[in-house]
Amino acid sequence: MGASGSKARGLWPFASAAGGGGSEAAGAEQALVRPRGRAVPPFVFTRRGSMFYDEDGDLAHEFYEETIVTKNGQKRAKLRRVHKNLIPQGIVKLDTPRIHVDFPVILYEV
């Protein structure tokens with residue numbers, strides 16, 4: 001479907017450096033985690049935009065153009081989807097930060 005998880009295989013970005021547990025727990029954790037110099041925040045502040053710009057600078061998810069088709073002597077208008085000359089929106093800043101999908105947390109409501 002979409003890019004919902006981390007792309008790196010065997011990399012857990014939210015592992016804590018100071019894990020509580022024995023040496024076997026630390027060994028198992030080190031097998032999955034590469035140590036990093038800085039902590040990774042659990043929030044996502046930007047996302048990839050899902051809309052496109054056309055030649056006129058209009059922004060939309062899909063673009064259609066009207067074409068006239070003549071069938072049996074009758075003119076009929078049809079909509080044809082435009083795929084060419086569309087520019088992706090790019091990175092969009094989120095209004096409120098979201099929790100990263102790989103962050104191990106359980107959300108519940110009482």
# chains A, B, ... in the order shown; residues from 1 in each chain; ligands from 1
>>> residues_around(residues="A:Arg80", least_positions_apart="3", cutoff="12 Å", atoms="only C-alpha atoms", output="list in words")
Glu62, Phe63, Tyr64, Glu65, Glu66, Thr67, Ile68, Val69, Ala77, His83 and Lys84 of chain A
>>> write_last_selection(atoms="all heavy atoms", output="compact mmCIF listing (two decimals), in the first residue's frame")
# COMPACT_ATOMS: atom_id res chain seq x y z
N GLU A 62 -6.05 14.46 -8.88
CA GLU A 62 -6.18 13.96 -10.26
C GLU A 62 -6.57 15.11 -11.18
O GLU A 62 -7.26 16.04 -10.76
CB GLU A 62 -7.27 12.89 -10.34
CG GLU A 62 -7.00 11.68 -9.50
CD GLU A 62 -8.17 10.71 -9.52
OE1 GLU A 62 -9.28 11.12 -9.88
OE2 GLU A 62 -7.95 9.55 -9.18
N PHE A 63 -6.14 15.01 -12.43
CA PHE A 63 -6.49 16.01 -13.43
C PHE A 63 -7.15 15.31 -14.61
O PHE A 63 -6.74 14.22 -15.02
CB PHE A 63 -5.26 16.77 -13.92
CG PHE A 63 -4.71 17.71 -12.90
CD1 PHE A 63 -3.68 17.33 -12.06
CD2 PHE A 63 -5.24 18.98 -12.76
CE1 PHE A 63 -3.18 18.20 -11.12
CE2 PHE A 63 -4.74 19.86 -11.82
CZ PHE A 63 -3.71 19.47 -10.99
N TYR A 64 -8.20 15.95 -15.14
CA TYR A 64 -8.92 15.44 -16.29
C TYR A 64 -9.04 16.53 -17.33
O TYR A 64 -9.11 17.71 -17.00
CB TYR A 64 -10.33 14.98 -15.89
CG TYR A 64 -10.35 13.79 -14.97
CD1 TYR A 64 -10.34 13.96 -13.60
CD2 TYR A 64 -10.36 12.50 -15.48
CE1 TYR A 64 -10.34 12.87 -12.75
CE2 TYR A 64 -10.36 11.41 -14.64
CZ TYR A 64 -10.36 11.60 -13.27
OH TYR A 64 -10.36 10.52 -12.44
N GLU A 65 -9.07 16.12 -18.61
CA GLU A 65 -9.33 17.07 -19.68
C GLU A 65 -10.53 16.58 -20.48
O GLU A 65 -10.75 15.37 -20.62
CB GLU A 65 -8.11 17.26 -20.57
CG GLU A 65 -7.70 16.07 -21.38
CD GLU A 65 -6.48 16.35 -22.23
OE1 GLU A 65 -5.91 17.45 -22.12
OE2 GLU A 65 -6.11 15.46 -23.00
N GLU A 66 -11.28 17.53 -20.98
CA GLU A 66 -12.49 17.19 -21.73
C GLU A 66 -12.14 17.01 -23.19
O GLU A 66 -11.50 17.87 -23.80
CB GLU A 66 -13.51 18.31 -21.56
CG GLU A 66 -14.86 18.00 -22.13
CD GLU A 66 -15.86 19.09 -21.85
OE1 GLU A 66 -15.45 20.17 -21.41
OE2 GLU A 66 -17.05 18.86 -22.09
N THR A 67 -12.54 15.89 -23.76
CA THR A 67 -12.32 15.64 -25.18
C THR A 67 -13.67 15.41 -25.84
O THR A 67 -14.59 14.86 -25.24
CB THR A 67 -11.42 14.39 -25.40
OG1 THR A 67 -12.04 13.27 -24.77
CG2 THR A 67 -10.04 14.61 -24.82
N ILE A 68 -13.78 15.86 -27.09
CA ILE A 68 -15.01 15.71 -27.85
C ILE A 68 -14.87 14.47 -28.73
O ILE A 68 -13.93 14.35 -29.52
CB ILE A 68 -15.29 16.95 -28.72
CG1 ILE A 68 -15.33 18.21 -27.86
CG2 ILE A 68 -16.57 16.77 -29.51
CD1 ILE A 68 -16.45 18.25 -26.85
N VAL A 69 -15.81 13.54 -28.59
CA VAL A 69 -15.80 12.31 -29.37
C VAL A 69 -17.03 12.32 -30.28
O VAL A 69 -18.14 12.59 -29.82
CB VAL A 69 -15.84 11.08 -28.42
CG1 VAL A 69 -15.90 9.80 -29.22
CG2 VAL A 69 -14.66 11.08 -27.49
N ALA A 77 -19.04 14.68 -25.19
CA ALA A 77 -17.88 15.08 -24.39
C ALA A 77 -17.50 13.96 -23.42
O ALA A 77 -18.37 13.38 -22.77
CB ALA A 77 -18.18 16.35 -23.62
N HIS A 83 -1.99 12.29 -17.37
CA HIS A 83 -0.87 11.68 -16.66
C HIS A 83 0.45 12.41 -16.92
O HIS A 83 1.40 12.23 -16.17
CB HIS A 83 -0.70 10.22 -17.07
CG HIS A 83 -1.85 9.35 -16.67
ND1 HIS A 83 -2.04 8.90 -15.40
CD2 HIS A 83 -2.89 8.88 -17.39
CE1 HIS A 83 -3.13 8.17 -15.33
NE2 HIS A 83 -3.68 8.14 -16.54
N LYS A 84 0.49 13.20 -17.98
CA LYS A 84 1.75 13.83 -18.38
C LYS A 84 1.85 15.25 -17.83
O LYS A 84 0.85 15.89 -17.54
CB LYS A 84 1.86 13.87 -19.90
CG LYS A 84 1.95 12.50 -20.52
CD LYS A 84 2.09 12.60 -22.01
CE LYS A 84 2.17 11.22 -22.62
NZ LYS A 84 2.28 11.26 -24.06
>>> residues_around(residues="A:Gly57", least_positions_apart="3", cutoff="12 Å", atoms="only C-alpha atoms", output="count of residues only")
11
>>> residues_around(residues="A:Ile91", least_positions_apart="4", cutoff="7 Å", atoms="only C-alpha atoms", output="PyMOL selection string")
chain A and resi 46-49
>>> select_by_dssp(residues="stretch 39-85 of chain A", states="strand (DSSP E or B)", output="MDAnalysis selection string")
chainID A and resid 43:48 52:53 59:60 64:71 74:81
>>> write_last_selection(atoms="N, CA and C atoms", output="PDB file, in the first residue's frame")
ATOM      1  N   PHE A  43       8.478  11.388  16.822  1.00  0.00           N
ATOM      2  CA  PHE A  43       7.460  12.133  16.093  1.00  0.00           C
ATOM      3  C   PHE A  43       7.851  12.349  14.637  1.00  0.00           C
ATOM      4  N   VAL A  44       6.842  12.496  13.796  1.00  0.00           N
ATOM      5  CA  VAL A  44       7.018  12.798  12.382  1.00  0.00           C
ATOM      6  C   VAL A  44       6.445  14.191  12.155  1.00  0.00           C
ATOM      7  N   PHE A  45       7.236  15.072  11.566  1.00  0.00           N
ATOM      8  CA  PHE A  45       6.823  16.460  11.363  1.00  0.00           C
ATOM      9  C   PHE A  45       6.470  16.769   9.910  1.00  0.00           C
ATOM     10  N   THR A  46       6.912  15.923   8.975  1.00  0.00           N
ATOM     11  CA  THR A  46       6.635  16.140   7.559  1.00  0.00           C
ATOM     12  C   THR A  46       6.168  14.832   6.934  1.00  0.00           C
ATOM     13  N   ARG A  47       5.558  14.960   5.774  1.00  0.00           N
ATOM     14  CA  ARG A  47       5.143  13.785   5.005  1.00  0.00           C
ATOM     15  C   ARG A  47       5.289  14.103   3.526  1.00  0.00           C
ATOM     16  N   ARG A  48       5.249  13.078   2.716  1.00  0.00           N
ATOM     17  CA  ARG A  48       5.308  13.265   1.276  1.00  0.00           C
ATOM     18  C   ARG A  48       3.913  13.610   0.775  1.00  0.00           C
ATOM     19  N   PHE A  52      -0.578  16.795  -6.965  1.00  0.00           N
ATOM     20  CA  PHE A  52       0.287  17.165  -8.072  1.00  0.00           C
ATOM     21  C   PHE A  52      -0.074  18.565  -8.568  1.00  0.00           C
ATOM     22  N   TYR A  53       0.930  19.244  -9.162  1.00  0.00           N
ATOM     23  CA  TYR A  53       0.726  20.520  -9.842  1.00  0.00           C
ATOM     24  C   TYR A  53       0.677  20.251 -11.348  1.00  0.00           C
ATOM     25  N   LEU A  59      -3.364  22.715  -8.106  1.00  0.00           N
ATOM     26  CA  LEU A  59      -2.991  21.607  -7.228  1.00  0.00           C
ATOM     27  C   LEU A  59      -4.195  20.701  -7.027  1.00  0.00           C
ATOM     28  N   ALA A  60      -4.040  19.390  -7.319  1.00  0.00           N
ATOM     29  CA  ALA A  60      -5.139  18.441  -7.155  1.00  0.00           C
ATOM     30  C   ALA A  60      -4.593  17.020  -7.107  1.00  0.00           C
ATOM     31  N   TYR A  64      -8.202  15.954 -15.137  1.00  0.00           N
ATOM     32  CA  TYR A  64      -8.921  15.436 -16.291  1.00  0.00           C
ATOM     33  C   TYR A  64      -9.037  16.533 -17.330  1.00  0.00           C
ATOM     34  N   GLU A  65      -9.069  16.122 -18.611  1.00  0.00           N
ATOM     35  CA  GLU A  65      -9.331  17.066 -19.680  1.00  0.00           C
ATOM     36  C   GLU A  65     -10.525  16.582 -20.484  1.00  0.00           C
ATOM     37  N   GLU A  66     -11.285  17.525 -20.982  1.00  0.00           N
ATOM     38  CA  GLU A  66     -12.489  17.193 -21.728  1.00  0.00           C
ATOM     39  C   GLU A  66     -12.140  17.011 -23.189  1.00  0.00           C
ATOM     40  N   THR A  67     -12.537  15.893 -23.761  1.00  0.00           N
ATOM     41  CA  THR A  67     -12.315  15.639 -25.180  1.00  0.00           C
ATOM     42  C   THR A  67     -13.672  15.414 -25.843  1.00  0.00           C
ATOM     43  N   ILE A  68     -13.775  15.860 -27.087  1.00  0.00           N
ATOM     44  CA  ILE A  68     -15.008  15.709 -27.850  1.00  0.00           C
ATOM     45  C   ILE A  68     -14.868  14.471 -28.729  1.00  0.00           C
ATOM     46  N   VAL A  69     -15.807  13.542 -28.592  1.00  0.00           N
ATOM     47  CA  VAL A  69     -15.803  12.308 -29.369  1.00  0.00           C
ATOM     48  C   VAL A  69     -17.025  12.317 -30.277  1.00  0.00           C
ATOM     49  N   THR A  70     -16.817  12.041 -31.561  1.00  0.00           N
ATOM     50  CA  THR A  70     -17.927  11.966 -32.509  1.00  0.00           C
ATOM     51  C   THR A  70     -18.238  10.493 -32.742  1.00  0.00           C
ATOM     52  N   LYS A  71     -19.467  10.109 -32.417  1.00  0.00           N
ATOM     53  CA  LYS A  71     -19.876   8.724 -32.602  1.00  0.00           C
ATOM     54  C   LYS A  71     -21.251   8.726 -33.262  1.00  0.00           C
ATOM     55  N   GLN A  74     -22.936  12.061 -33.756  1.00  0.00           N
ATOM     56  CA  GLN A  74     -23.234  12.862 -32.571  1.00  0.00           C
ATOM     57  C   GLN A  74     -21.953  13.200 -31.842  1.00  0.00           C
ATOM     58  N   LYS A  75     -21.865  14.445 -31.412  1.00  0.00           N
ATOM     59  CA  LYS A  75     -20.710  14.869 -30.629  1.00  0.00           C
ATOM     60  C   LYS A  75     -20.983  14.603 -29.153  1.00  0.00           C
ATOM     61  N   ARG A  76     -20.005  14.039 -28.503  1.00  0.00           N
ATOM     62  CA  ARG A  76     -20.169  13.712 -27.096  1.00  0.00           C
ATOM     63  C   ARG A  76     -18.892  14.088 -26.352  1.00  0.00           C
ATOM     64  N   ALA A  77     -19.037  14.681 -25.190  1.00  0.00           N
ATOM     65  CA  ALA A  77     -17.875  15.085 -24.393  1.00  0.00           C
ATOM     66  C   ALA A  77     -17.505  13.957 -23.424  1.00  0.00           C
ATOM     67  N   LYS A  78     -16.221  13.632 -23.371  1.00  0.00           N
ATOM     68  CA  LYS A  78     -15.725  12.624 -22.434  1.00  0.00           C
ATOM     69  C   LYS A  78     -14.576  13.224 -21.642  1.00  0.00           C
ATOM     70  N   LEU A  79     -14.391  12.750 -20.434  1.00  0.00           N
ATOM     71  CA  LEU A  79     -13.263  13.169 -19.606  1.00  0.00           C
ATOM     72  C   LEU A  79     -12.152  12.139 -19.713  1.00  0.00           C
ATOM     73  N   ARG A  80     -10.959  12.632 -19.974  1.00  0.00           N
ATOM     74  CA  ARG A  80      -9.791  11.770 -20.083  1.00  0.00           C
ATOM     75  C   ARG A  80      -8.797  12.193 -19.021  1.00  0.00           C
ATOM     76  N   ARG A  81      -8.272  11.234 -18.275  1.00  0.00           N
ATOM     77  CA  ARG A  81      -7.349  11.547 -17.185  1.00  0.00           C
ATOM     78  C   ARG A  81      -5.982  11.946 -17.755  1.00  0.00           C
TER      79      ARG A  81
END
